[in-house]
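Asks: Below are the structure tokens for one structure; questions will follow.
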Amino acid sequence: MLNWLGFERRVALRFLREGRMQTLLIIIGVAAGVAVVAYISALISGLQANTLTKTLGAQAHLTIKAPQDEVAPARAPAAGVTALTLTQPRAQRLRTITNWQAMLPLLEAMPEVAAVSPMVSGAALALRGEASKSIALMGVDLDRYDRIIGLRSKVVAGSARLGPGEAILGRELADDLGVRVGDRVALTTGTGTGAGATGSSTAAGVSDSVRVTALVDLGVRDLNRRTVIVPLRAAQSLLGLPGGATVLDLTLVDVWAAQELAERLRRQFPGEIESWQQANAQLVSALNAQSVSTGLIRAVVMVVVVLGIASVLVVSVVQKQREIGILRAMGATQGQMLRVFLLQGAVVGGIGSLLGVLLASALVWAFVTFVRGSDGLPLFHITLHPGMALRIAALATLCGIAAAVAPARRAAALDPAQAIRL
Amino acid sequence: MSAAQPTTATPMIALAGVRKRYNIGQPNEAEVLHGVGLQLAAGEFAALIGPSGSGKSTLLNILGLLERPTDGSYRIEGEEMVGLDDAGLTLRRRRTLGFVFQFHHLLPAFSALENVTLPALMREGRVGPAAQERARALLDAVGLGAAMHKRPGELSGGMQQRVAIARALVLSPPLVLADEPTGNLDRQSSDEVFGLLRRMHAELNTAFLIVTHDPRLAARCDRVIELVDGRIEHDGPAAATAA
């Protein structure tokens, strides 16, 4: 189809070349618009990805917890009797997820699930000398838990190892207790049914002495100040839940599938199932607000681009009325004239988009290269993905064609007899 | 009104009872053509003359399928044009008619050769070797072989009009309508262009209908049609009209 649009193509390009200053200006306008849209898109998606990575770096995408203890409903009043009931909520005790061992392979078999890690967690005290700190005791299988939050990559001292009698501490907690890798720390809980591998049971609770193998930075100072990670079995003993697990942590292939999977799992498993979106509702709300704002900015820029192309083409139609009349008199159909101007819109949109994407790539490079935080490192990494660039360029080209519709229709509808007389 | 030239076969064009009214239903409604009847045979060389405001341009626009008559019939090679939609009129215009305008109306962004090949490009989507050859031959024939790659702005008025004539003839239309083709030229250029039209007519046997104010040129046509106040006053051989 070499002949396809041969006439339209030739005339459209000549018209654009003839008004080269107008053409150049509008191409620059389109390029600027596309560059702004592409750069903002890359910036915001980079910012959101960075925020998500930091937020989800220390937590699971989805958690399954044991159901809470509920107050048994009062006996229903007799017919015709109105009863006012006052129910006091029950104090929640640490409970294990029923049959969690059987749930593990079922969850792991799901295509959305990348990793599952059981955990026993509860409150405890860490003691060393005269220092006593309230801690969040977490018993995990190190390999599984590493796949949830990448624990090994967060080690700042020592080496991640969780043998019997060993523990990993948050960096700030180690500072508070004055311990270093290799030191021992005593852990004690308020309740228990027995002693751990090296622990002892007292009337007050269960105690154990552990050796610190590594210090970690979880990215949140408050977490670093109270986190103690021990082997699953040790935590089960300390918290009085032999063979139990209070939480199943899940990492998903696609973080944004968490909400939908949580709803599906609620229908299959008892217990409290919470997605990261529910756990971080304010963050999700902020991200959504950011996305909406970005969308609005993009829409406004695109509207400006469309209006710019349309106004230039309208002027072009007015300037070229006589030429349009001559072409029509010579036998150009209304469809051919329509396509001449639609093609002009497409060419302006296409070239502008290409230049805009190149400009956006340069801006992204400049951001990554020159914008640094106080620590001298890049604030966060941003990239202009080819798919995103292609989508924006295609959208701008379509906008160029859409912008040309009104001028093109006007050109096609020109009365050739009148146009020639002008 | 004298009779048109006798025709044996279907005339090239045939107007019958053509009226043209503008601003219909408005207070300023005006009828410009009052039942014009006209036939032109294939290969004729005729002039359409008349004072300003007589309706010549309107008649030419109707003949060129650029305007529709309000009433009457217009046939080209026996086919009725009244009632055709815009696409039908456009395709018929492309197939049958060549135009030469007073102000040449070349496209300034295209070279002389490109202007001449435009009708072929419009019809085929490309300019094939045959169309290219024909355009070059026509430009040679009108004496512009050496200037074919120049833009209209680089050519004199007479040269531009010669390019317009070549363009009108490139697809070998059976009829060329020329609206004051020499109206914008000095006497010498005017004679050259008119001589060229006559030569093309003799070589190609294309019918020409030339609107002109110049009685000197009209007298050099085979037939003269005089339009006065929207009616054909005279129609006959040039010598008879001059007399």
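Ligands are numbered from 1 in the order shown, chains are lettered A, B, ... in the order of the structure tokens, and residues start at 1 in each chain.
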Give me the residues within 12 Å of Val170 of chain B as a PyMOL selection string, counting only C-alpha atoms and dropping any in the same chain fewer than 6 places off.
Replies: (chain A and resi 330) or (chain B and resi 94-99+113-121+123+127+130-139+141+163-164+176+200+204+206)
Asks: Please return, as number ranges by chain, all residues of chain B lying within 9 Å of chain A when only C-alpha atoms are considered.
Replies: B: 61, 64-67, 86-87, 89-95, 97-99, 101, 105-110, 118-119, 121-127, 168
Asks: Env of Val185 of chain A: 8 Å cut, atoms = only C-alpha atoms, seq-sep filter 3 positions within chain, self excluded. Answer as a list of chain:residue names.
Replies: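 What passes the distance filter is A:Ala126, A:Leu127, A:Arg128, A:Val179, A:Ser209, A:Val210, A:Arg211, A:Val212.
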Asks: Would you mind exporting the chosen residues as an mmCIF file, in the first residue's frame, restricted to C-alpha atoms?
Replies:
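Final output, saved to part_34.cif:
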```
data_model
loop_
_atom_site.group_PDB
_atom_site.id
_atom_site.type_symbol
_atom_site.label_atom_id
_atom_site.label_comp_id
_atom_site.auth_asym_id
_atom_site.auth_seq_id
_atom_site.Cartn_x
_atom_site.Cartn_y
_atom_site.Cartn_z
ATOM 1 C CA ALA A 126 14.772 -7.601 77.256
ATOM 2 C CA LEU A 127 17.101 -7.371 80.215
ATOM 3 C CA ARG A 128 20.761 -6.660 80.431
ATOM 4 C CA VAL A 179 24.910 -4.889 73.580
ATOM 5 C CA SER A 209 19.048 -16.036 77.549
ATOM 6 C CA VAL A 210 20.000 -15.464 73.945
ATOM 7 C CA ARG A 211 23.193 -14.536 72.108
ATOM 8 C CA VAL A 212 22.970 -11.641 69.666
#
```
Asks: Give me, as a VMD selection string, all polymer residues having an atom no more than 12 Å from Thr369 of chain A, counting only C-alpha atoms and skipping those fewer than 6 positions away in the same chain.
Replies: chain A and resid 362 to 363 376 to 383
Asks: Would you write out those residues with C-alpha atoms, as a PDB file, in the first residue's frame?
Replies:
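As written to disk, again33.pdb reads:
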```
ATOM      1  CA  ALA A 362      16.989  13.983  29.643  1.00  0.00           C
ATOM      2  CA  LEU A 363      15.085  15.428  32.628  1.00  0.00           C
ATOM      3  CA  GLY A 376      24.952  12.706  48.978  1.00  0.00           C
ATOM      4  CA  LEU A 377      22.908   9.810  47.633  1.00  0.00           C
ATOM      5  CA  PRO A 378      20.125  10.132  45.046  1.00  0.00           C
ATOM      6  CA  LEU A 379      16.820  11.039  46.720  1.00  0.00           C
ATOM      7  CA  PHE A 380      15.176   8.106  44.987  1.00  0.00           C
ATOM      8  CA  HIS A 381      15.532   6.349  41.703  1.00  0.00           C
ATOM      9  CA  ILE A 382      13.265   7.221  38.798  1.00  0.00           C
ATOM     10  CA  THR A 383      13.136   5.752  35.310  1.00  0.00           C
TER      11      THR A 383
END
```
Asks: Report as a PyMOL selection string all protein, DNA and RNA residues lying within 9 Å of segment 41-43 of chain B, evaluated on only C-alpha atoms, omitting residues in the same chain fewer than 4 positions from it.
Replies: chain B and resi 5-7+9-14+174-175+201-202+204-208
Asks: Tell me which protein, DNA and RNA residues are within 12 Å of Leu307 of chain A, counting only C-alpha atoms, leaving out same-chain ones fewer than 2 positions away, and put them as a list in words.
Replies: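 These residues fall inside the cut-off: Ile26, Gly29, Val30, Gly33, Val300, Val301, Met302, Val303, Val304, Val305, Ile309, Ala310, Ser311, Val312, Leu313, Val314, Gly345, Cys399, Gly400, Ile401, Ala402, Ala403, Ala404, Val405, Ala406 and Pro407 of chain A.
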Asks: Rounded to one decimal, what separation in Å do you get between atom CA of Ala123 of chain A and atom CA of Ile229 of chain A?
Replies: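 Pair atom CA of Ala123 of chain A / atom CA of Ile229 of chain A returns 12.0 Å.
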Asks: As an exercise, work out the distance from atom CA of Ala258 of chain A to atom CA of Gly387 of chain A in Å and give it to one decimal place.
Replies: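 Pair atom CA of Ala258 of chain A / atom CA of Gly387 of chain A returns 24.1 Å.
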Asks: Which polymer residues have any atom within 6 Å of an atom of Ala112 of chain B, counting only C-alpha atoms, with same-chain residues fewer than 3 positions away left out, as a list in words?
Replies: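 With the cut-off at 6 Å, the set is Asn115, Met148, His149, Lys150 and Arg151 of chain B.
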Asks: Give me a file of those residues, with N, CA and C atoms, as a PDB file, in the first residue's frame.
Replies:
```
ATOM      1  N   ASN B 115       3.000  20.930  -9.225  1.00  0.00           N
ATOM      2  CA  ASN B 115       1.660  21.475  -9.428  1.00  0.00           C
ATOM      3  C   ASN B 115       0.966  20.756 -10.579  1.00  0.00           C
ATOM      4  N   MET B 148      10.761  23.862 -14.728  1.00  0.00           N
ATOM      5  CA  MET B 148       9.754  22.982 -14.088  1.00  0.00           C
ATOM      6  C   MET B 148       9.996  22.752 -12.599  1.00  0.00           C
ATOM      7  N   HIS B 149      11.221  22.971 -12.142  1.00  0.00           N
ATOM      8  CA  HIS B 149      11.475  22.734 -10.714  1.00  0.00           C
ATOM      9  C   HIS B 149      11.392  24.017  -9.891  1.00  0.00           C
ATOM     10  N   LYS B 150      10.987  25.102 -10.544  1.00  0.00           N
ATOM     11  CA  LYS B 150      10.855  26.355  -9.801  1.00  0.00           C
ATOM     12  C   LYS B 150       9.494  26.430  -9.128  1.00  0.00           C
ATOM     13  N   ARG B 151       9.461  27.146  -8.022  1.00  0.00           N
ATOM     14  CA  ARG B 151       8.196  27.381  -7.331  1.00  0.00           C
ATOM     15  C   ARG B 151       7.439  28.496  -8.050  1.00  0.00           C
TER      16      ARG B 151
END
```
Asks: Within segment 101-207 of chain B, find each residue whose DSSP state, derived from the backbone, is helix (DSSP H, G or I), and express the selection as a count of residues only.
Replies: 63
Asks: Can you work out the spacing between atom CA of His61 of chain A and atom CA of Leu173 of chain A in Å, to one decimal?
Replies: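 Straight-line distance from atom CA of His61 of chain A to atom CA of Leu173 of chain A works out to 25.2 Å.
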Asks: Can you check which residues of segment 31-235 of chain B DSSP gives as strand (DSSP E or B) on the backbone and send them as a ChimeraX atom specification?
Replies: /B:31-40,45-49,71-76,79-80,97-100,175-179,207-211,223-228,231-235
Asks: Keeping N, CA and C atoms for every residue in the selection just given, could you write it to a file as a short mmCIF file (atom, residue, chain, number, x, y, z; two decimals), in the first residue's frame?
Replies:
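Done, and the output landed in part_26.cif:
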```
data_model
loop_
_atom_site.label_atom_id
_atom_site.label_comp_id
_atom_site.auth_asym_id
_atom_site.auth_seq_id
_atom_site.Cartn_x
_atom_site.Cartn_y
_atom_site.Cartn_z
N GLU B 31 -32.21 36.22 -8.50
CA GLU B 31 -31.99 35.19 -9.51
C GLU B 31 -30.91 35.70 -10.47
N VAL B 32 -29.84 34.93 -10.60
CA VAL B 32 -28.69 35.36 -11.40
C VAL B 32 -28.77 34.76 -12.80
N LEU B 33 -29.22 33.54 -12.91
CA LEU B 33 -29.38 32.90 -14.22
C LEU B 33 -30.87 32.60 -14.42
N HIS B 34 -31.35 32.97 -15.62
CA HIS B 34 -32.80 32.82 -15.85
C HIS B 34 -33.05 31.80 -16.95
N GLY B 35 -32.97 30.56 -16.65
CA GLY B 35 -33.29 29.51 -17.61
C GLY B 35 -32.31 29.41 -18.76
N VAL B 36 -31.05 29.25 -18.42
CA VAL B 36 -30.00 29.19 -19.45
C VAL B 36 -30.00 27.81 -20.11
N GLY B 37 -29.94 27.80 -21.44
CA GLY B 37 -29.78 26.56 -22.19
C GLY B 37 -28.53 26.66 -23.04
N LEU B 38 -27.71 25.61 -23.01
CA LEU B 38 -26.42 25.69 -23.69
C LEU B 38 -25.90 24.28 -23.96
N GLN B 39 -25.34 24.11 -25.12
CA GLN B 39 -24.69 22.83 -25.41
C GLN B 39 -23.29 23.11 -25.92
N LEU B 40 -22.39 22.21 -25.59
CA LEU B 40 -21.02 22.33 -26.08
C LEU B 40 -20.60 20.95 -26.56
N PHE B 45 -14.07 25.12 -29.24
CA PHE B 45 -13.25 26.17 -28.62
C PHE B 45 -14.13 27.42 -28.56
N ALA B 46 -14.74 27.64 -27.42
CA ALA B 46 -15.77 28.67 -27.32
C ALA B 46 -15.40 29.72 -26.28
N ALA B 47 -15.87 30.93 -26.49
CA ALA B 47 -15.68 32.00 -25.52
C ALA B 47 -17.02 32.33 -24.89
N LEU B 48 -17.00 32.61 -23.58
CA LEU B 48 -18.20 33.08 -22.89
C LEU B 48 -17.92 34.52 -22.50
N ILE B 49 -18.68 35.45 -23.09
CA ILE B 49 -18.44 36.87 -22.81
C ILE B 49 -19.69 37.49 -22.21
N ASP B 71 -32.63 25.32 -10.48
CA ASP B 71 -33.58 24.59 -11.34
C ASP B 71 -32.88 24.22 -12.63
N GLY B 72 -33.47 23.29 -13.33
CA GLY B 72 -32.96 22.96 -14.65
C GLY B 72 -32.15 21.68 -14.66
N SER B 73 -31.61 21.41 -15.83
CA SER B 73 -30.88 20.16 -16.01
C SER B 73 -29.48 20.46 -16.53
N TYR B 74 -28.52 19.66 -16.06
CA TYR B 74 -27.16 19.79 -16.54
C TYR B 74 -26.61 18.39 -16.78
N ARG B 75 -26.30 18.09 -18.03
CA ARG B 75 -25.79 16.77 -18.38
C ARG B 75 -24.37 16.89 -18.90
N ILE B 76 -23.54 15.99 -18.45
CA ILE B 76 -22.19 15.87 -19.02
C ILE B 76 -22.13 14.51 -19.69
N GLU B 79 -24.93 12.26 -18.94
CA GLU B 79 -25.26 11.88 -17.55
C GLU B 79 -25.73 13.12 -16.78
N GLU B 80 -26.88 13.01 -16.13
CA GLU B 80 -27.44 14.12 -15.37
C GLU B 80 -26.61 14.39 -14.12
N LEU B 97 -13.14 17.47 -16.05
CA LEU B 97 -12.89 18.90 -16.19
C LEU B 97 -11.46 19.30 -15.81
N GLY B 98 -10.97 20.28 -16.55
CA GLY B 98 -9.74 20.94 -16.16
C GLY B 98 -10.06 22.41 -15.95
N PHE B 99 -9.40 23.04 -14.97
CA PHE B 99 -9.68 24.45 -14.67
C PHE B 99 -8.44 25.31 -14.89
N VAL B 100 -8.68 26.49 -15.49
CA VAL B 100 -7.63 27.51 -15.51
C VAL B 100 -8.28 28.77 -14.93
N LEU B 175 -12.90 18.50 -21.29
CA LEU B 175 -13.31 19.91 -21.28
C LEU B 175 -12.45 20.71 -20.31
N VAL B 176 -11.96 21.86 -20.78
CA VAL B 176 -11.23 22.78 -19.90
C VAL B 176 -12.05 24.06 -19.79
N LEU B 177 -12.28 24.47 -18.54
CA LEU B 177 -12.99 25.72 -18.28
C LEU B 177 -11.95 26.75 -17.84
N ALA B 178 -11.89 27.85 -18.56
CA ALA B 178 -10.88 28.86 -18.24
C ALA B 178 -11.59 30.16 -17.87
N ASP B 179 -11.34 30.64 -16.63
CA ASP B 179 -12.00 31.84 -16.15
C ASP B 179 -11.02 33.01 -16.27
N ALA B 207 -12.09 20.17 -25.55
CA ALA B 207 -13.01 21.31 -25.65
C ALA B 207 -12.58 22.40 -24.67
N PHE B 208 -12.68 23.66 -25.07
CA PHE B 208 -12.34 24.78 -24.18
C PHE B 208 -13.53 25.73 -24.11
N LEU B 209 -13.88 26.15 -22.92
CA LEU B 209 -14.84 27.24 -22.76
C LEU B 209 -14.11 28.31 -21.96
N ILE B 210 -13.91 29.47 -22.62
CA ILE B 210 -13.06 30.50 -22.03
C ILE B 210 -13.90 31.73 -21.69
N VAL B 211 -13.95 32.08 -20.43
CA VAL B 211 -14.62 33.31 -20.02
C VAL B 211 -13.64 34.45 -20.22
N ARG B 223 -16.34 29.96 -31.40
CA ARG B 223 -17.74 30.24 -31.08
C ARG B 223 -17.77 31.20 -29.90
N VAL B 224 -18.72 32.09 -29.93
CA VAL B 224 -18.84 33.06 -28.83
C VAL B 224 -20.25 32.99 -28.25
N ILE B 225 -20.31 32.85 -26.95
CA ILE B 225 -21.60 32.82 -26.25
C ILE B 225 -21.65 34.09 -25.41
N GLU B 226 -22.65 34.92 -25.61
CA GLU B 226 -22.73 36.17 -24.86
C GLU B 226 -23.85 36.07 -23.85
N LEU B 227 -23.50 36.33 -22.61
CA LEU B 227 -24.46 36.26 -21.51
C LEU B 227 -24.75 37.69 -21.05
N VAL B 228 -26.01 38.05 -21.02
CA VAL B 228 -26.40 39.38 -20.54
C VAL B 228 -27.55 39.20 -19.56
N ARG B 231 -29.04 35.78 -19.11
CA ARG B 231 -29.63 35.09 -20.27
C ARG B 231 -28.61 35.08 -21.40
N ILE B 232 -28.67 34.04 -22.22
CA ILE B 232 -27.76 34.00 -23.36
C ILE B 232 -28.36 34.87 -24.47
N GLU B 233 -27.62 35.94 -24.80
CA GLU B 233 -28.10 36.88 -25.80
C GLU B 233 -27.68 36.45 -27.21
N HIS B 234 -26.44 36.00 -27.33
CA HIS B 234 -25.94 35.56 -28.64
C HIS B 234 -25.18 34.27 -28.44
N ASP B 235 -25.25 33.41 -29.42
CA ASP B 235 -24.49 32.17 -29.39
C ASP B 235 -24.23 31.78 -30.83
#
```
